[in-house]
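S.K.: Got a structure for you, target-v7.csv, holding CSV, C-alpha atoms.
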```csv
chain,number,residue,atom,x,y,z
A,9,MET,CA,17.1,-17.6,14.3
A,10,TYR,CA,17.0,-13.9,13.3
A,11,LYS,CA,18.9,-12.8,16.3
A,12,PHE,CA,21.6,-15.3,15.5
A,13,PHE,CA,21.7,-14.1,11.9
A,14,PHE,CA,21.8,-10.5,13.1
A,15,ARG,CA,24.9,-11.2,15.3
A,16,LEU,CA,26.5,-13.3,12.6
A,17,VAL,CA,25.9,-11.1,9.6
A,18,PHE,CA,24.1,-7.7,10.0
A,19,LYS,CA,26.1,-6.7,13.1
A,20,ARG,CA,29.3,-7.0,11.1
A,21,MET,CA,28.0,-4.9,8.2
A,22,ASP,CA,27.8,-1.1,7.9
A,23,PRO,CA,24.3,-0.3,9.3
A,24,GLU,CA,23.2,1.6,6.2
A,25,GLN,CA,24.4,-1.2,3.9
A,26,ALA,CA,22.7,-3.8,6.1
A,27,HIS,CA,19.5,-1.7,5.8
A,28,TYR,CA,19.6,-1.7,2.0
A,29,ALA,CA,20.4,-5.4,1.9
A,30,ALA,CA,17.4,-6.3,4.0
A,31,PHE,CA,15.3,-3.9,2.0
A,32,ARG,CA,16.2,-5.6,-1.2
A,33,TRP,CA,15.3,-9.0,0.2
A,34,ILE,CA,11.9,-7.7,1.5
A,35,ARG,CA,11.1,-6.2,-1.9
A,36,LEU,CA,12.2,-9.3,-3.8
A,37,ALA,CA,10.0,-11.6,-1.6
A,38,ALA,CA,7.0,-9.3,-2.1
A,39,ARG,CA,7.4,-9.8,-5.9
A,40,VAL,CA,7.2,-13.6,-5.8
A,41,PRO,CA,3.4,-14.6,-5.6
A,42,VAL,CA,3.7,-17.9,-3.8
A,43,LEU,CA,6.4,-16.7,-1.4
A,44,ARG,CA,4.7,-13.5,-0.5
A,45,THR,CA,1.4,-15.3,0.2
A,46,PHE,CA,3.2,-17.8,2.5
A,47,LEU,CA,5.1,-15.0,4.3
A,48,ALA,CA,2.0,-12.9,4.8
A,49,ALA,CA,0.2,-15.9,6.2
A,50,ALA,CA,3.0,-16.6,8.6
A,51,LEU,CA,3.9,-13.0,9.6
A,52,ALA,CA,0.7,-11.1,9.2
A,53,PRO,CA,-2.1,-13.1,10.8
A,54,ARG,CA,-5.2,-11.0,11.4
A,55,TYR,CA,-7.0,-10.5,14.7
A,56,LYS,CA,-10.6,-9.3,14.4
A,57,GLU,CA,-10.5,-7.8,17.9
A,58,LEU,CA,-7.6,-5.5,16.9
A,59,ARG,CA,-9.4,-3.9,13.9
A,60,THR,CA,-8.9,-0.1,14.2
A,61,GLU,CA,-10.7,3.0,13.0
A,62,ALA,CA,-8.5,6.1,13.0
A,63,LEU,CA,-8.3,9.3,10.9
A,64,GLY,CA,-11.5,8.2,9.2
A,65,LEU,CA,-9.7,5.0,7.9
A,66,ARG,CA,-10.2,1.3,8.7
A,67,MET,CA,-7.1,-0.7,9.4
A,68,HIS,CA,-6.4,-4.4,10.3
A,69,GLY,CA,-4.8,-3.2,13.5
A,70,PRO,CA,-3.2,-0.3,15.3
A,71,PHE,CA,0.5,-1.1,14.6
A,72,GLY,CA,2.4,0.5,11.8
A,73,LEU,CA,5.8,1.2,10.4
A,74,ALA,CA,7.2,4.6,11.3
A,75,ALA,CA,8.6,7.0,8.7
A,76,GLY,CA,12.3,6.6,7.9
A,77,PHE,CA,12.5,3.0,6.8
A,78,ASP,CA,10.9,3.3,3.4
A,79,LYS,CA,11.8,6.9,2.3
A,80,ASN,CA,10.9,6.6,-1.3
A,81,ALA,CA,7.8,4.3,-1.3
A,82,VAL,CA,9.5,1.4,-2.8
A,83,ALA,CA,8.6,-1.4,-0.4
A,84,ILE,CA,5.0,-0.8,0.7
A,85,ASP,CA,3.8,-4.3,-0.3
A,86,GLY,CA,6.8,-5.8,1.4
A,87,MET,CA,6.2,-4.1,4.7
A,88,ALA,CA,2.5,-4.9,4.6
A,89,MET,CA,3.6,-8.6,3.9
A,90,LEU,CA,5.6,-8.4,7.2
A,91,GLY,CA,2.4,-7.5,9.1
A,92,PHE,CA,2.5,-3.7,9.5
A,93,ASP,CA,-1.1,-2.3,9.6
A,94,HIS,CA,-0.1,1.0,8.1
A,95,ILE,CA,3.1,2.2,6.4
A,96,GLU,CA,4.3,5.7,6.7
A,97,ILE,CA,6.7,6.5,3.9
A,98,GLY,CA,9.3,9.3,3.8
A,99,THR,CA,10.4,11.7,5.0
A,100,VAL,CA,9.9,13.2,1.5
A,101,THR,CA,11.1,16.7,0.6
A,102,GLY,CA,10.0,19.1,-2.1
A,103,GLU,CA,13.3,18.6,-4.0
A,104,PRO,CA,15.4,15.5,-4.2
A,105,GLN,CA,18.5,15.5,-2.0
A,106,PRO,CA,21.3,13.0,-1.1
A,107,GLY,CA,21.2,13.6,2.6
A,108,ASN,CA,24.2,14.0,4.8
A,109,PRO,CA,27.7,12.5,4.1
A,110,LYS,CA,28.2,8.9,5.1
A,111,GLN,CA,28.7,7.3,7.7
A,112,ARG,CA,25.4,8.6,9.0
A,113,LEU,CA,23.7,5.6,10.7
A,114,PHE,CA,25.0,3.9,13.8
A,115,ARG,CA,23.8,1.0,15.9
A,116,LEU,CA,24.0,1.2,19.7
A,117,VAL,CA,23.4,-2.5,20.3
A,118,ALA,CA,24.0,-2.4,24.0
A,119,ASP,CA,21.2,0.2,24.2
A,120,ARG,CA,19.0,-1.4,21.5
A,121,ALA,CA,19.1,1.9,19.8
A,122,LEU,CA,20.1,3.7,16.6
A,123,ILE,CA,21.6,7.1,15.9
A,124,ASN,CA,20.9,8.6,12.5
A,125,ARG,CA,21.8,11.8,10.8
A,126,MET,CA,20.5,10.7,7.4
A,127,GLY,CA,19.3,14.2,6.5
A,128,PHE,CA,16.1,13.4,4.7
A,129,ASN,CA,17.9,11.5,1.8
A,130,ASN,CA,15.1,10.9,-0.8
A,131,GLU,CA,14.2,11.2,-4.4
A,132,GLY,CA,12.0,14.2,-4.0
A,133,SER,CA,8.2,14.8,-4.0
A,134,ALA,CA,7.7,14.5,-7.8
A,135,ALA,CA,9.5,11.1,-8.1
A,136,VAL,CA,7.8,9.6,-5.0
A,137,ALA,CA,4.4,10.9,-6.2
A,138,ALA,CA,4.9,9.2,-9.6
A,139,ARG,CA,5.8,6.0,-7.9
A,140,LEU,CA,2.7,6.1,-5.7
A,141,ALA,CA,0.5,7.0,-8.7
A,142,SER,CA,1.7,4.0,-10.7
A,143,ARG,CA,1.5,1.5,-7.7
A,144,ASN,CA,-0.5,-1.6,-8.3
A,145,PRO,CA,-0.9,-2.9,-4.7
A,146,VAL,CA,-0.7,-6.5,-3.9
A,147,PHE,CA,-1.6,-5.9,-0.2
A,148,HIS,CA,-4.1,-3.2,0.5
A,149,THR,CA,-2.8,-1.1,3.4
A,150,THR,CA,-3.0,2.4,4.8
A,151,VAL,CA,-0.2,4.6,3.4
A,152,GLY,CA,0.8,7.7,5.2
A,153,VAL,CA,3.2,10.3,3.6
A,154,ASN,CA,5.6,12.1,5.8
A,155,ILE,CA,6.9,15.4,4.4
A,156,GLY,CA,9.8,17.6,5.5
A,157,LYS,CA,11.8,20.7,4.5
A,158,THR,CA,14.4,20.5,1.7
A,159,LYS,CA,17.8,21.3,3.3
A,160,VAL,CA,18.7,24.2,0.9
A,161,VAL,CA,15.4,25.9,1.4
A,162,PRO,CA,15.7,28.8,3.9
A,163,GLU,CA,13.5,28.7,7.0
A,164,SER,CA,11.6,31.7,5.7
A,165,GLU,CA,10.5,29.7,2.6
A,166,ALA,CA,9.7,26.5,4.4
A,167,ALA,CA,5.9,26.8,4.0
A,168,ALA,CA,6.2,27.0,0.2
A,169,ASP,CA,8.5,23.9,0.2
A,170,TYR,CA,6.0,21.9,2.3
A,171,VAL,CA,3.2,23.1,0.0
A,172,LYS,CA,5.1,21.9,-3.0
A,173,SER,CA,5.3,18.4,-1.5
A,174,THR,CA,1.6,18.5,-0.5
A,175,GLU,CA,0.5,19.4,-3.9
A,176,ALA,CA,2.5,16.5,-5.4
A,177,LEU,CA,1.7,13.9,-2.8
A,178,ALA,CA,-1.7,14.6,-1.1
A,179,ALA,CA,-3.7,12.7,-3.8
A,180,HIS,CA,-1.7,9.6,-3.1
A,181,ALA,CA,-1.7,9.7,0.7
A,182,ASP,CA,-4.2,8.1,3.1
A,183,TYR,CA,-2.9,10.7,5.5
A,184,LEU,CA,-0.2,13.4,5.5
A,185,VAL,CA,2.4,14.1,8.2
A,186,VAL,CA,4.2,17.4,8.6
A,187,ASN,CA,7.6,16.6,10.0
A,188,VAL,CA,9.1,19.6,11.9
A,189,SER,CA,11.0,17.5,14.5
A,190,SER,CA,14.0,15.8,12.9
A,191,PRO,CA,17.3,17.1,14.4
A,192,ASN,CA,19.2,16.5,11.1
A,193,THR,CA,18.0,19.4,9.0
A,194,PRO,CA,19.4,22.7,10.2
A,195,GLY,CA,16.6,25.0,11.6
A,196,LEU,CA,13.8,22.4,11.1
A,197,ARG,CA,13.0,22.1,14.8
A,198,ASN,CA,12.5,25.9,15.0
A,199,LEU,CA,9.3,25.3,13.0
A,200,GLN,CA,7.8,23.6,16.1
A,201,ALA,CA,7.4,27.0,17.8
A,202,THR,CA,3.7,27.8,17.5
A,203,GLU,CA,4.3,31.2,15.8
A,204,SER,CA,6.1,29.3,12.9
A,205,LEU,CA,3.9,26.2,13.1
A,206,ARG,CA,0.6,27.9,12.7
A,207,PRO,CA,1.1,29.4,9.3
A,208,LEU,CA,3.0,26.3,8.1
A,209,LEU,CA,0.2,23.9,9.0
A,210,THR,CA,-2.5,26.3,7.7
A,211,ALA,CA,-0.7,26.5,4.3
A,212,VAL,CA,-0.4,22.7,4.1
A,213,ARG,CA,-4.0,22.2,5.1
A,214,GLU,CA,-5.2,24.7,2.4
A,215,ALA,CA,-2.9,23.0,-0.2
A,216,ALA,CA,-4.2,19.6,0.6
A,217,ASP,CA,-7.8,20.8,0.4
A,218,ARG,CA,-7.4,22.5,-3.0
A,219,THR,CA,-5.4,19.6,-4.4
A,220,VAL,CA,-7.7,16.8,-3.3
A,221,THR,CA,-11.4,17.8,-3.5
A,222,SER,CA,-13.0,14.4,-3.5
A,223,ARG,CA,-12.1,13.7,0.2
A,224,ARG,CA,-10.4,15.3,3.2
A,225,VAL,CA,-6.8,14.1,3.5
A,226,PRO,CA,-6.1,13.8,7.3
A,227,LEU,CA,-3.2,16.0,8.4
A,228,LEU,CA,-0.9,15.2,11.4
A,229,VAL,CA,2.2,16.9,12.8
A,230,LYS,CA,5.2,14.9,14.2
A,231,ILE,CA,6.9,16.5,17.3
A,232,ALA,CA,10.2,15.9,19.1
A,233,PRO,CA,10.5,14.4,22.6
A,234,ASP,CA,12.9,17.2,23.5
A,235,LEU,CA,10.1,19.8,23.6
A,236,ALA,CA,9.5,21.3,27.1
A,237,ASP,CA,6.2,20.3,28.6
A,238,GLU,CA,4.7,23.8,28.1
A,239,ASP,CA,5.7,23.6,24.4
A,240,VAL,CA,4.0,20.2,24.1
A,241,ASP,CA,0.9,21.8,25.6
A,242,ALA,CA,1.1,24.7,23.1
A,243,VAL,CA,1.4,22.3,20.1
A,244,ALA,CA,-1.6,20.3,21.4
A,245,ASP,CA,-3.7,23.5,21.8
A,246,LEU,CA,-2.7,24.6,18.3
A,247,ALA,CA,-3.6,21.3,16.8
A,248,VAL,CA,-7.1,21.5,18.3
A,249,GLU,CA,-7.4,25.2,17.2
A,250,LEU,CA,-6.5,24.4,13.6
A,251,GLY,CA,-8.6,21.3,13.4
A,252,LEU,CA,-5.6,19.0,12.8
A,253,ASP,CA,-6.4,15.3,12.7
A,254,GLY,CA,-3.6,14.0,14.8
A,255,ILE,CA,-0.2,14.3,16.5
A,256,ILE,CA,2.7,11.8,16.2
A,257,ALA,CA,4.7,11.6,19.4
A,258,THR,CA,7.6,11.4,19.1
A,259,ASN,CA,10.5,11.7,16.7
A,260,THR,CA,14.1,11.0,17.6
A,261,THR,CA,15.9,12.7,20.5
A,262,ILE,CA,19.2,14.6,20.8
A,263,ALA,CA,19.5,13.6,24.5
A,264,ARG,CA,22.1,11.0,25.4
A,265,GLU,CA,21.6,10.4,29.1
A,266,GLY,CA,22.0,6.9,30.6
A,267,LEU,CA,23.4,5.1,27.5
A,268,MET,CA,25.6,2.1,27.9
A,269,SER,CA,27.2,2.0,24.5
A,270,ALA,CA,30.8,2.9,23.8
A,271,PRO,CA,31.5,6.7,24.3
A,272,GLU,CA,32.6,7.2,20.7
A,273,LEU,CA,29.2,5.9,19.5
A,274,VAL,CA,27.2,7.9,22.0
A,275,ALA,CA,29.1,11.0,20.9
A,276,GLU,CA,27.9,10.7,17.3
A,277,THR,CA,25.6,13.5,16.3
A,278,GLY,CA,22.1,12.9,15.1
A,279,GLY,CA,18.8,11.6,16.4
A,280,LEU,CA,18.7,8.8,18.9
A,281,SER,CA,15.8,6.3,18.5
A,282,GLY,CA,15.0,3.0,20.1
A,283,ALA,CA,14.7,1.8,23.7
A,284,PRO,CA,16.2,4.8,25.4
A,285,LEU,CA,13.4,6.9,24.0
A,286,LYS,CA,10.7,4.9,25.6
A,287,GLU,CA,10.0,6.7,28.8
A,288,ARG,CA,10.0,10.3,27.4
A,289,SER,CA,7.9,9.4,24.4
A,290,LEU,CA,5.3,7.8,26.7
A,291,GLU,CA,5.4,10.9,28.9
A,292,VAL,CA,4.7,13.2,25.9
A,293,LEU,CA,2.0,11.0,24.7
A,294,SER,CA,0.2,10.9,28.0
A,295,ARG,CA,0.5,14.6,28.4
A,296,LEU,CA,-1.0,15.2,24.9
A,297,TYR,CA,-3.9,12.9,25.7
A,298,ALA,CA,-4.6,14.7,28.9
A,299,ARG,CA,-4.7,17.9,26.9
A,300,VAL,CA,-6.7,16.9,23.8
A,301,GLY,CA,-8.6,13.8,24.9
A,302,THR,CA,-10.5,12.3,21.9
A,303,ARG,CA,-10.6,15.5,19.9
A,304,ILE,CA,-7.7,14.4,17.7
A,305,THR,CA,-5.9,11.1,17.0
A,306,LEU,CA,-2.6,10.4,18.8
A,307,VAL,CA,0.1,8.1,17.4
A,308,GLY,CA,2.7,6.7,19.8
A,309,VAL,CA,6.2,6.0,18.5
A,310,GLY,CA,9.6,5.8,20.1
A,311,GLY,CA,11.0,2.8,21.9
A,312,VAL,CA,8.2,0.4,21.1
A,313,GLU,CA,9.9,-3.0,21.4
A,314,SER,CA,7.2,-5.3,22.5
A,315,ALA,CA,3.5,-5.9,22.8
A,316,GLU,CA,3.6,-4.5,26.3
A,317,ASP,CA,5.2,-1.3,25.1
A,318,ALA,CA,2.4,-1.0,22.4
A,319,TRP,CA,-0.2,-1.7,25.0
A,320,GLN,CA,1.1,1.0,27.3
A,321,ARG,CA,1.0,3.5,24.5
A,322,ILE,CA,-2.7,2.6,23.9
A,323,LEU,CA,-3.5,3.0,27.6
A,324,ALA,CA,-1.7,6.3,27.6
A,325,GLY,CA,-3.8,7.6,24.7
A,326,ALA,CA,-2.5,6.3,21.4
A,327,THR,CA,-5.1,5.1,18.9
A,328,LEU,CA,-2.2,4.1,16.6
A,329,VAL,CA,1.3,2.9,17.5
A,330,GLN,CA,4.4,2.7,15.3
A,331,GLY,CA,7.8,1.1,15.4
A,332,TYR,CA,11.0,1.2,13.5
A,333,SER,CA,14.3,0.8,15.4
A,334,ALA,CA,13.1,-2.4,17.2
A,335,PHE,CA,12.4,-3.9,13.8
A,336,ILE,CA,16.1,-3.8,13.1
A,337,TYR,CA,16.8,-5.8,16.3
A,338,GLU,CA,13.7,-8.1,16.4
A,339,GLY,CA,13.5,-9.0,12.7
A,340,PRO,CA,10.6,-10.2,10.5
A,341,PHE,CA,8.5,-11.6,13.4
A,342,TYR,CA,8.3,-8.2,15.1
A,343,ALA,CA,4.9,-7.1,14.0
A,344,ARG,CA,3.5,-10.6,14.5
A,345,ALA,CA,4.6,-10.6,18.1
A,346,ILE,CA,3.1,-7.2,18.7
A,347,HIS,CA,-0.3,-8.3,17.3
A,348,LYS,CA,-0.4,-11.5,19.2
A,349,GLY,CA,0.6,-9.8,22.4
A,350,LEU,CA,-1.9,-7.0,22.0
A,351,ALA,CA,-4.7,-9.5,21.4
A,352,ALA,CA,-3.8,-11.4,24.5
A,353,ARG,CA,-3.6,-8.2,26.6
A,354,LEU,CA,-7.0,-7.0,25.3
A,355,ALA,CA,-8.6,-10.3,26.2
A,356,ALA,CA,-7.2,-10.2,29.7
A,357,SER,CA,-8.2,-6.5,30.2
A,358,PRO,CA,-11.5,-5.1,31.4
A,359,TYR,CA,-12.0,-3.4,28.0
A,360,ALA,CA,-14.4,-4.9,25.5
A,361,THR,CA,-12.6,-3.2,22.5
A,362,LEU,CA,-9.3,-1.7,21.8
A,363,ALA,CA,-11.0,1.7,21.4
A,364,GLU,CA,-12.2,1.5,25.0
A,365,ALA,CA,-8.6,1.0,26.2
A,366,VAL,CA,-7.3,4.1,24.4
A,367,GLY,CA,-6.3,6.6,27.1
A,368,ALA,CA,-7.7,4.5,30.0
A,369,GLU,CA,-4.6,4.8,32.1
A,370,THR,CA,-4.2,8.6,31.5
A,371,ARG,CA,-7.9,9.1,32.4
A,372,LYS,CA,-7.5,7.0,35.6
A,373,LYS,CA,-4.5,9.1,36.7
A,374,ALA,CA,-6.4,12.3,36.0
A,375,ALA,CA,-9.3,11.1,38.2
A,376,LEU,CA,-7.1,10.5,41.2
```
Any chance you could give the structure as structure tokens?
M.R.:
Amino acid sequence: MYKFFFRLVFKRMDPEQAHYAAFRWIRLAARVPVLRTFLAAALAPRYKELRTEALGLRMHGPFGLAAGFDKNAVAIDGMAMLGFDHIEIGTVTGEPQPGNPKQRLFRLVADRALINRMGFNNEGSAAVAARLASRNPVFHTTVGVNIGKTKVVPESEAAADYVKSTEALAAHADYLVVNVSSPNTPGLRNLQATESLRPLLTAVREAADRTVTSRRVPLLVKIAPDLADEDVDAVADLAVELGLDGIIATNTTIAREGLMSAPELVAETGGLSGAPLKERSLEVLSRLYARVGTRITLVGVGGVESAEDAWQRILAGATLVQGYSAFIYEGPFYARAIHKGLAARLAASPYATLAEAVGAETRKKAAL
């Protein structure tokens, strides 16, 4: 039904306008008590065997919504209603900004992919913090906060900008993510170099610790799939050295190889997400797990379309898995299908728990 509706309605709409239309419907449904209860029962059934502990947090399962969908923390209950076990909001910047000029979001339907050059459009850290502070949750879920650099802030002042967001948002975050891997903010990916990343992550860690003294806010970094393998290793080593809690692998890619969509779409600048990212994201994830093992939590994202994709991420080393682009194509039953399929795969596997399965395939390959 959704796929028919997508072809009939959403496919004919500007992608960004379709996003906002769907967003409004999700938010509206979450405000109606009887409707949201019915939808949560249908779309978010719970499986005890999928219960997950990660980053010192307990979650209903391992599958969450990646950053980028809910930039301003306005639909957390709605996304939890749809079955996501954690919701990562943002990317939020120190200052509000409109993002890049429109049109800035493109569907590559033939490739089941998206290209975006949104440019961190968001209301800014102060406004998002106020919204999170006033939130009266209907559905209790894990909320991650993804922070990035304000576009007008020079690279030399990036750390201070991230610290500003940290000071505003850390108290309201179950975990924080430092985003240094979007291709849509000039100079941002330069911060992935370890000589730039070390002082940045250190400053954010210190800011989180002095802002929130009652608990330790887990801190993760999100990296690009376009990093060379040796740079992936360097980030992994740095994360362990600094005592980071996790790495999210991966953000969007600037690569365009092997796409089937129209050349004028493929030529659009921005970050490519969705199915074409699947292979490289899995490679990066497996490489990270081989490097860090269980010392930090890994989150797999990029091309996760099905329960099989999520299962492969877990076997490669991901404790948590996220999706976004496939949600646009699969619709409201996306998370439900992932959970049902994961439960079936776990039951058919030699592993007693989901935690036992994490990294099993990568360990097996290392032993050969």
S.K.: Mind listing as a PyMOL selection string all residues within 12 Å of (9.7, 1.5, 13.8), counting only C-alpha atoms?
M.R.: chain A and resi 71-78+87+92+94-97+121-122+258-260+281-283+308-314+318+329-339+342-343+346
S.K.: I want to know what sits within 10 Å of Thr219 in chain A, based on all atoms listed in the file, with residues of the same chain fewer than 2 positions away left out; could you give that as a PyMOL selection string?
M.R.: chain A and resi 174-179+213-217+221-222+225
S.K.: List as an MDAnalysis selection string the protein and nucleic acid residues near Arg139 in chain A, meaning an atom at most 10 Å away when all atoms listed in the file are counted, but skip any in the same chain fewer than 3 places from it.
M.R.: chainID A and resid 80:82 133:136 142:144 180
S.K.: Determine the nearest neighbour of Pro233 in chain A from the options A:Val220, A:Ala326, A:Glu291, A:Leu267, counting all atoms listed in the file.
M.R.: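 Among the listed residues, A:Glu291 lies closest to Pro233 in chain A.
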S.K.: Could you pull the residues within 12 Å of Ser173 in chain A, counting only C-alpha atoms, minus those fewer than 3 positions along the same chain, as an NGL selection string?
M.R.: :A and (98-104 or 131-137 or 153-158 or 166-170 or 176-181 or 184-187 or 211-212 or 215-216 or 219)
S.K.: Rounded to one decimal, what separation in Å do you get between CA of Gly279 in chain A and CA of Ala30 in chain A?
M.R.: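 Computing it gives 21.8 Å between the two atoms.
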S.K.: With all atoms listed in the file as the basis for distance, which of A:Asn130, A:Gln25, A:Thr370, A:Thr202 is at the shortest distance from Gln111 in chain A?
M.R.: A:Gln25
S.K.: Within 9 Å of Phe341 in chain A, counting all atoms listed in the file, which residues show up once you throw out same-chain ones fewer than 4 positions away? Write them as an MDAnalysis selection string, please.
M.R.: chainID A and resid 10 50:52 90:91 335 345:346
S.K.: In Å to one decimal, how far is CA of Glu57 in chain A from CA of Thr361 in chain A?
M.R.: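 Those two atoms sit 6.8 Å apart.
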S.K.: Tell me, in Å to one decimal, how far CA of Val292 in chain A is from CA of Ala242 in chain A.
M.R.: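 We find that CA of Val292 in chain A and CA of Ala242 in chain A lie 12.4 Å from each other.
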S.K.: For Lys110 in chain A, work out the shell of residues within 10 Å, counting all atoms listed in the file and skipping chain neighbours fewer than 6 positions away, then give it as a ChimeraX atom specification.
M.R.: /A:24,125-126
S.K.: Pick the closest to Glu265 in chain A from A:Pro207, A:Gly69, A:Pro284, A:Gly278: which is it, counting all atoms listed in the file?
M.R.: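 Of all the options, A:Pro284 lies closest to Glu265 in chain A.
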S.K.: Using all atoms listed in the file, pick whichever of A:Leu47, A:Leu65, A:Val171, A:Leu116 has the shortest atom-to-atom distance to Pro23 in chain A.
M.R.: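 Looking only at the distances to Pro23 in chain A, the closest residue turns out to be A:Leu116.
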